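Novice: Sending over a structure as structure tokens; questions will come in a sec.
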2 protein chains.
Amino acid sequence: MAPRKVKSVTPAKAAARQRPLTRIQKEKQDIILEAALEVFSVHGFRGSTIDQIAEVAGMSKPNLLYYFPKKEEIHRRLIGTLLDTWLAPLREMDERGDPFSEIRSYIRRKLEMARDFPRESRLFANEMLRGAEHVIDMIEVDLKNLVDEKAKILLLWMDQGKLARADPYHLIFSIWATTQHYADFDVQVRAVLGGNRNGEGRFDDAALYLEQLFMHGLSPRPKAAKLPESS
Amino acid sequence: MAPRKVKSVTPAKAAARQRPLTRIQKEKQDIILEAALEVFSVHGFRGSTIDQIAEVAGMSKPNLLYYFPKKEEIHRRLIGTLLDTWLAPLREMDERGDPFSEIRSYIRRKLEMARDFPRESRLFANEMLRGAEHVIDMIEVDLKNLVDEKAKILLLWMDQGKLARADPYHLIFSIWATTQHYADFDVQVRAVLGGNRNGEGRFDDAALYLEQLFMHGLSPRPKAAKLPESS
DNA sequence: CTAACATTTTTCCAACTGGTCAAAATTTCT
DNA sequence: AGAAATTTTGACCAGTTGGAAAAATGTTAG
């Protein structure tokens, strides 16, 4: 009789079989994911090495590979959870609320995320820059559906005269862009604000400015309203 | 007597000696830089390989290395020229012009750059994401100085009551963010606008929307003006 | 304690990486 | 044409990378 194969169940295989992970396995995976976020968010997928991640995670490379047999697997997991978190603020935008306070809250929440989760923002940006290979499906379905839904709400508000008429999609884009900028281009922002206190209160200042920009920029205007004319 | 070294002058060394490059050398370098832009802008520095660049450039790796002896050298050259081009639109903002038409032109030019030079935008974004190692000096000096200068102009306009009072730095950031978004997050923008015509006229729509946002958002208001109050 | 399993470390490998070098091919100059 | 310089190629190399295998070391239930 052939010698029985030792059936060592790696955490990865356990997960594949839907067997629940032990507490320790979960912890280790979290440590790895945390380290991977740190590395991937700066260097991108190809630019990051398992060794780097392992070092940040405080374990050996083969040990790391015991929990995530493929580099791609780590990345996939990170990206997978990311989009959900990332869209949460937009999901909260409520049709029944006041348009301006809803938009203002949305801006604030996005700005807070840029402040508190800059690595997630950069990971996402990295992914977008290289064509979103790994997330394109999610983007085209979940993200698009959510935005479509919220765009409808914005249009409704505009119809009710509560909000200046404007392209709701680009409106959402502009909120994304302006808020994520403070995470993705942090170095630049700090360098420019630079000086002595190195852009200390930049997030508060940004919040103030963006509120003003969007609140004024989106205030409904009497029909005769005209853009200032250039000379 | 030792045999005379053959003094083959590589283009790189010629450049180092300030000797002018021949037309062919210039052409080949341009081909390489073009290919490198293509590759670096998507994969970042670490994520790109010389082989990839060489293939896009249609030459062998050693041949490419004949023109640029170091991978870093290619990158440095790209980045070096980039910042100049990148800041040109801001440089054009003229104190003597009308504030609104100046700002509007600036937005338009930036948006055109996002449309016509998305790879440059992405290269820059890539660089920012990973901490701007290679450009931090330029950012901290040239960029900062330019922005400081233009911020003063904006403040002047605000003092003259021609522009709503707002943080001039964040004002500039918001223009950068909203315009570059259409290059850096192009995949996302297209996926969301998606549908049949796949965001065909997205740049025109964006121009329209952004003009409205900024023109209204920055219109000087009578002193009593208040932000709409949330319930 | 010990068998069964889970985790970690050591060793190793094949593919890929940036880069060298000398020879060959080509172009340029006289 | 032919010498001299330039450009291109092919072979090669040392270091790195993702990953496999197996041995060594825990850990835990009986």
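The chains in the structure tokens are called A, B, ... from first to last as shown; in each chain the residues are counted from 1, and the ligands are counted from 1 in the order shown.
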With a cut-off of 9 Å and counting only C-alpha atoms (C1' of nucleotides), select all residues of chain C in contact with chain B and give the selection as a VMD selection string.
Specialist: chain C and resid 17 to 19
Novice: Pull N, CA and C atoms (P, O5', C5', C4', C3', O3' and C1' of nucleotides) from the residues just selected and write them as a PDB file, in the first residue's frame.
Specialist:
```pdb
ATOM      1  P    DT C  17      11.349  40.397 -15.817  1.00  0.00           P
ATOM      2  O5'  DT C  17      12.605  41.118 -15.204  1.00  0.00           O
ATOM      3  C5'  DT C  17      12.619  41.419 -13.799  1.00  0.00           C
ATOM      4  C4'  DT C  17      13.976  41.918 -13.394  1.00  0.00           C
ATOM      5  C3'  DT C  17      14.651  42.853 -14.390  1.00  0.00           C
ATOM      6  O3'  DT C  17      14.282  44.169 -14.084  1.00  0.00           O
ATOM      7  C1'  DT C  17      16.201  41.266 -13.430  1.00  0.00           C
ATOM      8  P    DG C  18      14.780  45.382 -14.984  1.00  0.00           P
ATOM      9  O5'  DG C  18      16.290  45.623 -14.569  1.00  0.00           O
ATOM     10  C5'  DG C  18      16.590  46.147 -13.287  1.00  0.00           C
ATOM     11  C4'  DG C  18      18.088  46.246 -13.141  1.00  0.00           C
ATOM     12  C3'  DG C  18      18.743  47.239 -14.113  1.00  0.00           C
ATOM     13  O3'  DG C  18      19.779  47.931 -13.431  1.00  0.00           O
ATOM     14  C1'  DG C  18      19.607  45.067 -14.488  1.00  0.00           C
ATOM     15  P    DG C  19      20.600  49.060 -14.174  1.00  0.00           P
ATOM     16  O5'  DG C  19      21.780  48.220 -14.841  1.00  0.00           O
ATOM     17  C5'  DG C  19      22.676  47.538 -13.970  1.00  0.00           C
ATOM     18  C4'  DG C  19      23.624  46.700 -14.794  1.00  0.00           C
ATOM     19  C3'  DG C  19      24.364  47.436 -15.910  1.00  0.00           C
ATOM     20  O3'  DG C  19      25.721  47.523 -15.556  1.00  0.00           O
ATOM     21  C1'  DG C  19      23.711  45.239 -16.524  1.00  0.00           C
TER      22       DG C  19
END
```
Novice: Do a neighbour search on segment 111-123 of chain B at 7 Å with only C-alpha atoms (C1' of nucleotides), toss out local chain neighbours closer than 5 positions, and write the hits as a PyMOL selection string.
Specialist: (chain A and resi 129) or (chain B and resi 37-38+40-41+82+179-180+182-184)
Novice: Residues as selected, N, CA and C atoms, written as a short mmCIF file (atom, residue, chain, number, x, y, z; two decimals), in the first residue's frame, can you do that?
Specialist:
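Dumped everything to result06.cif:
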```cif
data_model
loop_
_atom_site.label_atom_id
_atom_site.label_comp_id
_atom_site.auth_asym_id
_atom_site.auth_seq_id
_atom_site.Cartn_x
_atom_site.Cartn_y
_atom_site.Cartn_z
N LEU A 129 -4.49 53.46 -11.74
CA LEU A 129 -3.43 53.90 -12.65
C LEU A 129 -3.04 52.79 -13.61
N LEU B 37 7.91 56.10 -21.26
CA LEU B 37 6.74 56.80 -20.73
C LEU B 37 5.54 55.86 -20.72
N GLU B 38 5.39 55.16 -21.83
CA GLU B 38 4.31 54.19 -21.97
C GLU B 38 4.33 53.17 -20.83
N PHE B 40 6.48 53.10 -17.87
CA PHE B 40 6.57 53.66 -16.52
C PHE B 40 5.23 54.20 -16.04
N SER B 41 4.50 54.84 -16.94
CA SER B 41 3.26 55.49 -16.52
C SER B 41 2.22 54.49 -16.04
N LEU B 82 9.15 66.43 -17.39
CA LEU B 82 7.73 66.42 -17.06
C LEU B 82 7.27 67.65 -16.28
N THR B 179 -9.04 68.03 -12.44
CA THR B 179 -8.67 67.87 -13.85
C THR B 179 -7.84 66.61 -14.06
N GLN B 180 -6.85 66.40 -13.22
CA GLN B 180 -5.99 65.23 -13.39
C GLN B 180 -6.76 63.94 -13.17
N TYR B 182 -9.29 62.97 -14.51
CA TYR B 182 -9.75 62.40 -15.77
C TYR B 182 -8.65 61.67 -16.53
N ALA B 183 -7.42 61.91 -16.17
CA ALA B 183 -6.32 61.12 -16.74
C ALA B 183 -6.02 59.94 -15.84
N ASP B 184 -5.83 60.20 -14.55
CA ASP B 184 -5.34 59.18 -13.64
C ASP B 184 -6.40 58.10 -13.37
#
```
Novice: One decimal, in Å: what's the spacing between atom C1' of DT28 of chain C and atom CA of Gln25 of chain B?
Specialist: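 Taking atom C1' of DT28 of chain C as the start and atom CA of Gln25 of chain B as the end point, the length is 14.0 Å.
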Novice: To one decimal place in Å, what is the distance between atom CA of Ala57 of chain A and atom CA of Ile32 of chain A?
Specialist: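 Between atom CA of Ala57 of chain A and atom CA of Ile32 of chain A the gap is 5.5 Å.
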Novice: Provide as a PyMOL selection string the residues of chain D at most 12 Å from chain B, counting only C-alpha atoms (C1' of nucleotides).
Specialist: chain D and resi 4-11
